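Novice: Have a look at this one before I ask anything.
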Amino acid sequence: MMAPHDDKSEVAEESMASQAPNRPISTIVFIIAMQTEALPIVNKFQLSEDPNSLFPKGVPWVRFHGTYKDLNINVISPGKDTVLGVDSVGTISASLVTYASIQALQPDLIINAGTAGGFKAKGACVGDVFLASELAFHDRRIPIPVFDLYGVGLRQASSTPNLLKDLNLKGGKLSTGDSLDMSPQDEASIIANDATLKDMEGAAVAYVADLLKVPAIFIKAVTDIVDGEKPTTEEFLQNLAAVTNALDVTVTQVVDYINGKCLSEL
Ligand code: ADE
């Protein structure tokens with residue numbers, strides 16, 4: 001017999017919703033900036049592109065989705081720049097798609113996955129996959145008291161100590177800016193941020209996730225060594241394909257690990 005839809009069941013539903021950390025994670029949104037980074041994951045989970053985009057007409061943002069085990073998996077990409085046709089990397093597109101995806105999908109967890117530069121002085125090697133613990137910006141310098149801290153924009157990733165340990169991931173801090181290269185001023189800020197990793201989206205995704213109180217984790221695979229000898233652009237392009245495969249392997253392990261678990265178990 002169906003339970004009557006009375007006051008009691010409504011109260012039960014409400015109290016479940018307010019205990020989100022004790023309910024298994026059900027909907028995941030991946031925010032992935034580059035097509036090369038996204039496609040292996042889309043294929044691995046056999047996700048299909050959503051032709052009736054959730055997003056405003058005309059934007060290049062792309063959604064792939066499907067179910068895998070007990071999870072609704074979404075991969076959201078900012079897509080190709082409408083003027084130039086290249087991947088819409090960087091903080092502006094990342095924050096916009098993160099905001100729009102949270103509004104449309106109300107995910108239990110955001111996962112920002114992608115590539116990053118790594119600092120060998122902090123123990124990073126090409127091909128390593130990190131779970132970032134803290135995120136901050138290195139190109140928002142505002143030398144006025146308190147505005148300086150606003151510029152740095154420090155945010156914490158959701159704490160997932162079991163995930164880090166059980167999957168043997170490396171941990172480290174991530175510094176974000178809108179440039180692939182590194183100016184001396186950026187370098188000083190990255191050092192001040194105590195960062196092991198340098199990317200172009202992480203702190204922007206963290207800002208929006210924190211604003212809307214959605215848990216977020218950051219999986220970053222190292223394509224290039226920033227404090228090494230090789231020019232960044234060359235090293236990045238050379239390693240991109242191989243490193244996105246490493247990223248895909250770890251992302252699959254992370255998804256399998258998350259399946260059936262609550263946030264508090266991660
Ligand atoms: N993504 C991959 N390598 C990077 C680097 N060196 N800086 C910023 N983003 C990156």
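In the structure tokens, chains take the letters A, B, ... in the order shown, each chain's residues start at 1, and ligands count up from 1 in the order shown.
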Counting only C-alpha atoms and all ligand atoms, which residues of chain A fall within 8 Å of ligand 1, and what is the closest atom pair for each with its distance in Å at one decimal, ordered by chain and rising number, as a tab-separated table?
Specialist:
residue	atom	partner	partner_atom_place_in_ligand_line	distance
A:Gly114	CA	ligand 1	1 (N)	7.7
A:Thr115	CA	ligand 1	2 (C)	4.8
A:Ala116	CA	ligand 1	2 (C)	3.5
A:Gly117	CA	ligand 1	6 (N)	3.7
A:Gly118	CA	ligand 1	6 (N)	7.0
A:Thr176	CA	ligand 1	8 (C)	7.2
A:Gly177	CA	ligand 1	8 (C)	7.0
A:Asp178	CA	ligand 1	8 (C)	7.6
A:Ser179	CA	ligand 1	8 (C)	6.2
A:Leu180	CA	ligand 1	7 (N)	4.2
A:Asp181	CA	ligand 1	7 (N)	6.1
A:Met182	CA	ligand 1	7 (N)	7.4
A:Lys198	CA	ligand 1	7 (N)	5.0
A:Asp199	CA	ligand 1	9 (N)	3.5
A:Met200	CA	ligand 1	9 (N)	4.8
A:Val222	CA	ligand 1	2 (C)	6.7
A:Thr223	CA	ligand 1	3 (N)	5.6
A:Asp224	CA	ligand 1	3 (N)	5.6
A:Ile225	CA	ligand 1	6 (N)	7.0
A:Val226	CA	ligand 1	6 (N)	5.7
A:Thr232	CA	ligand 1	6 (N)	5.8
A:Thr233	CA	ligand 1	6 (N)	7.7
A:Phe236	CA	ligand 1	3 (N)	5.8
Novice: Go through range 214-246 of chain A and collect every residue that DSSP, computed from the backbone, puts in alpha helix (DSSP H); the answer should be as a PDB file with C-alpha atoms, in the first residue's frame.
Specialist:
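states.pdb, written as the output of this step:
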ATOM      1  CA  THR A 232      55.758  25.351 -20.079  1.00  0.00           C
ATOM      2  CA  THR A 233      53.794  25.491 -23.344  1.00  0.00           C
ATOM      3  CA  GLU A 234      55.923  22.794 -25.003  1.00  0.00           C
ATOM      4  CA  GLU A 235      55.869  20.516 -21.983  1.00  0.00           C
ATOM      5  CA  PHE A 236      52.120  21.016 -21.456  1.00  0.00           C
ATOM      6  CA  LEU A 237      51.205  20.153 -25.057  1.00  0.00           C
ATOM      7  CA  GLN A 238      53.661  17.250 -25.164  1.00  0.00           C
ATOM      8  CA  ASN A 239      52.248  15.595 -22.026  1.00  0.00           C
ATOM      9  CA  LEU A 240      48.574  16.530 -22.298  1.00  0.00           C
ATOM     10  CA  ALA A 241      47.313  13.292 -23.898  1.00  0.00           C
ATOM     11  CA  ALA A 242      49.265  10.899 -21.625  1.00  0.00           C
ATOM     12  CA  VAL A 243      48.457  12.845 -18.478  1.00  0.00           C
ATOM     13  CA  THR A 244      44.738  13.061 -19.239  1.00  0.00           C
ATOM     14  CA  ASN A 245      44.808   9.250 -19.335  1.00  0.00           C
ATOM     15  CA  ALA A 246      46.289   9.223 -15.832  1.00  0.00           C
TER      16      ALA A 246
END
Novice: Find the residues of range 51-135 of chain A that sit at most 9 Å from range 151-161 of chain A; for each, write down the nearest two atoms and how far apart they are in Å, to one decimal. Count only C-alpha atoms. Sort by chain, then by number going up, and give it as CSV.
Specialist:
residue,atom,partner,partner_atom,distance
A:Leu131,CA,A:Ala157,CA,8.9
A:Ala132,CA,A:Ala157,CA,6.9
A:Ser133,CA,A:Ala157,CA,5.2
A:Glu134,CA,A:Gln156,CA,4.5
A:Leu135,CA,A:Arg155,CA,5.3
Novice: Do you know which residues are at most 10 Å from Val86 in chain A counting only C-alpha atoms, after dropping those on the same chain fewer than 4 positions away, and could you put them as a PyMOL selection string?
Specialist: chain A and resi 34-35+79-82
Novice: Where does range 81-161 of chain A meet range 44-60 of chain A within 9 Å, residue by residue, with the nearest atom pair and distance in Å to one decimal for each, counting only C-alpha atoms, listed by chain and rising number, as a Markdown table?
Specialist:
| residue | atom | partner | partner_atom | distance |
| --- | --- | --- | --- | --- |
| A:Asp81 | CA | A:Pro60 | CA | 7.0 |
| A:Thr82 | CA | A:Pro60 | CA | 6.7 |
| A:Ser88 | CA | A:Pro60 | CA | 8.8 |
| A:Val97 | CA | A:Phe55 | CA | 8.8 |
| A:Ala100 | CA | A:Phe55 | CA | 7.1 |
| A:Ser101 | CA | A:Leu54 | CA | 8.2 |
| A:Ala104 | CA | A:Leu54 | CA | 6.7 |
| A:Leu105 | CA | A:Leu54 | CA | 8.9 |
Novice: Please dump the current selection as a short mmCIF file (atom, residue, chain, number, x, y, z; two decimals), in the first residue's frame; keep all heavy atoms.
Specialist:
data_model
loop_
_atom_site.label_atom_id
_atom_site.label_comp_id
_atom_site.auth_asym_id
_atom_site.auth_seq_id
_atom_site.Cartn_x
_atom_site.Cartn_y
_atom_site.Cartn_z
N ASP A 81 35.20 28.65 -27.19
CA ASP A 81 34.97 30.09 -27.27
C ASP A 81 34.19 30.41 -28.54
O ASP A 81 34.54 29.94 -29.62
CB ASP A 81 36.32 30.82 -27.27
CG ASP A 81 36.14 32.32 -27.35
OD1 ASP A 81 35.82 32.93 -26.31
OD2 ASP A 81 36.29 32.88 -28.45
N THR A 82 33.14 31.20 -28.40
CA THR A 82 32.24 31.44 -29.54
C THR A 82 32.93 32.24 -30.64
O THR A 82 32.51 32.20 -31.79
CB THR A 82 30.96 32.17 -29.08
OG1 THR A 82 31.35 33.32 -28.34
CG2 THR A 82 30.09 31.28 -28.22
N SER A 88 37.31 27.13 -23.69
CA SER A 88 37.14 28.32 -22.84
C SER A 88 37.78 28.09 -21.47
O SER A 88 37.09 27.92 -20.47
CB SER A 88 35.67 28.65 -22.67
OG SER A 88 35.03 28.77 -23.91
N VAL A 97 30.08 28.46 -15.48
CA VAL A 97 29.49 27.12 -15.63
C VAL A 97 29.26 26.46 -14.27
O VAL A 97 28.32 25.69 -14.11
CB VAL A 97 30.27 26.17 -16.56
CG1 VAL A 97 30.24 26.66 -17.99
CG2 VAL A 97 31.67 25.91 -16.09
N ALA A 100 25.97 28.07 -13.03
CA ALA A 100 24.80 27.60 -13.79
C ALA A 100 24.51 26.12 -13.51
O ALA A 100 23.35 25.72 -13.42
CB ALA A 100 25.03 27.82 -15.28
N SER A 101 25.57 25.32 -13.35
CA SER A 101 25.37 23.88 -13.10
C SER A 101 24.78 23.64 -11.73
O SER A 101 23.92 22.76 -11.55
CB SER A 101 26.71 23.13 -13.20
OG SER A 101 27.32 23.39 -14.42
N ALA A 104 21.10 24.57 -11.84
CA ALA A 104 20.27 23.66 -12.63
C ALA A 104 20.20 22.25 -12.03
O ALA A 104 19.18 21.58 -12.14
CB ALA A 104 20.80 23.58 -14.06
N LEU A 105 21.29 21.79 -11.42
CA LEU A 105 21.38 20.37 -11.06
C LEU A 105 21.42 20.10 -9.55
O LEU A 105 21.30 18.94 -9.14
CB LEU A 105 22.63 19.75 -11.73
CG LEU A 105 22.62 19.76 -13.26
CD1 LEU A 105 24.00 19.50 -13.84
CD2 LEU A 105 21.61 18.73 -13.79
#
Novice: For a quick check of understanding, using only C-alpha atoms, which of A:Asp166, A:Glu187, A:Asp87, A:Ala124 has the smallest distance to Thr36 in chain A?
Specialist: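 Between A:Asp166, A:Glu187, A:Asp87, A:Ala124, the residue approaching Thr36 in chain A most closely is A:Asp87.
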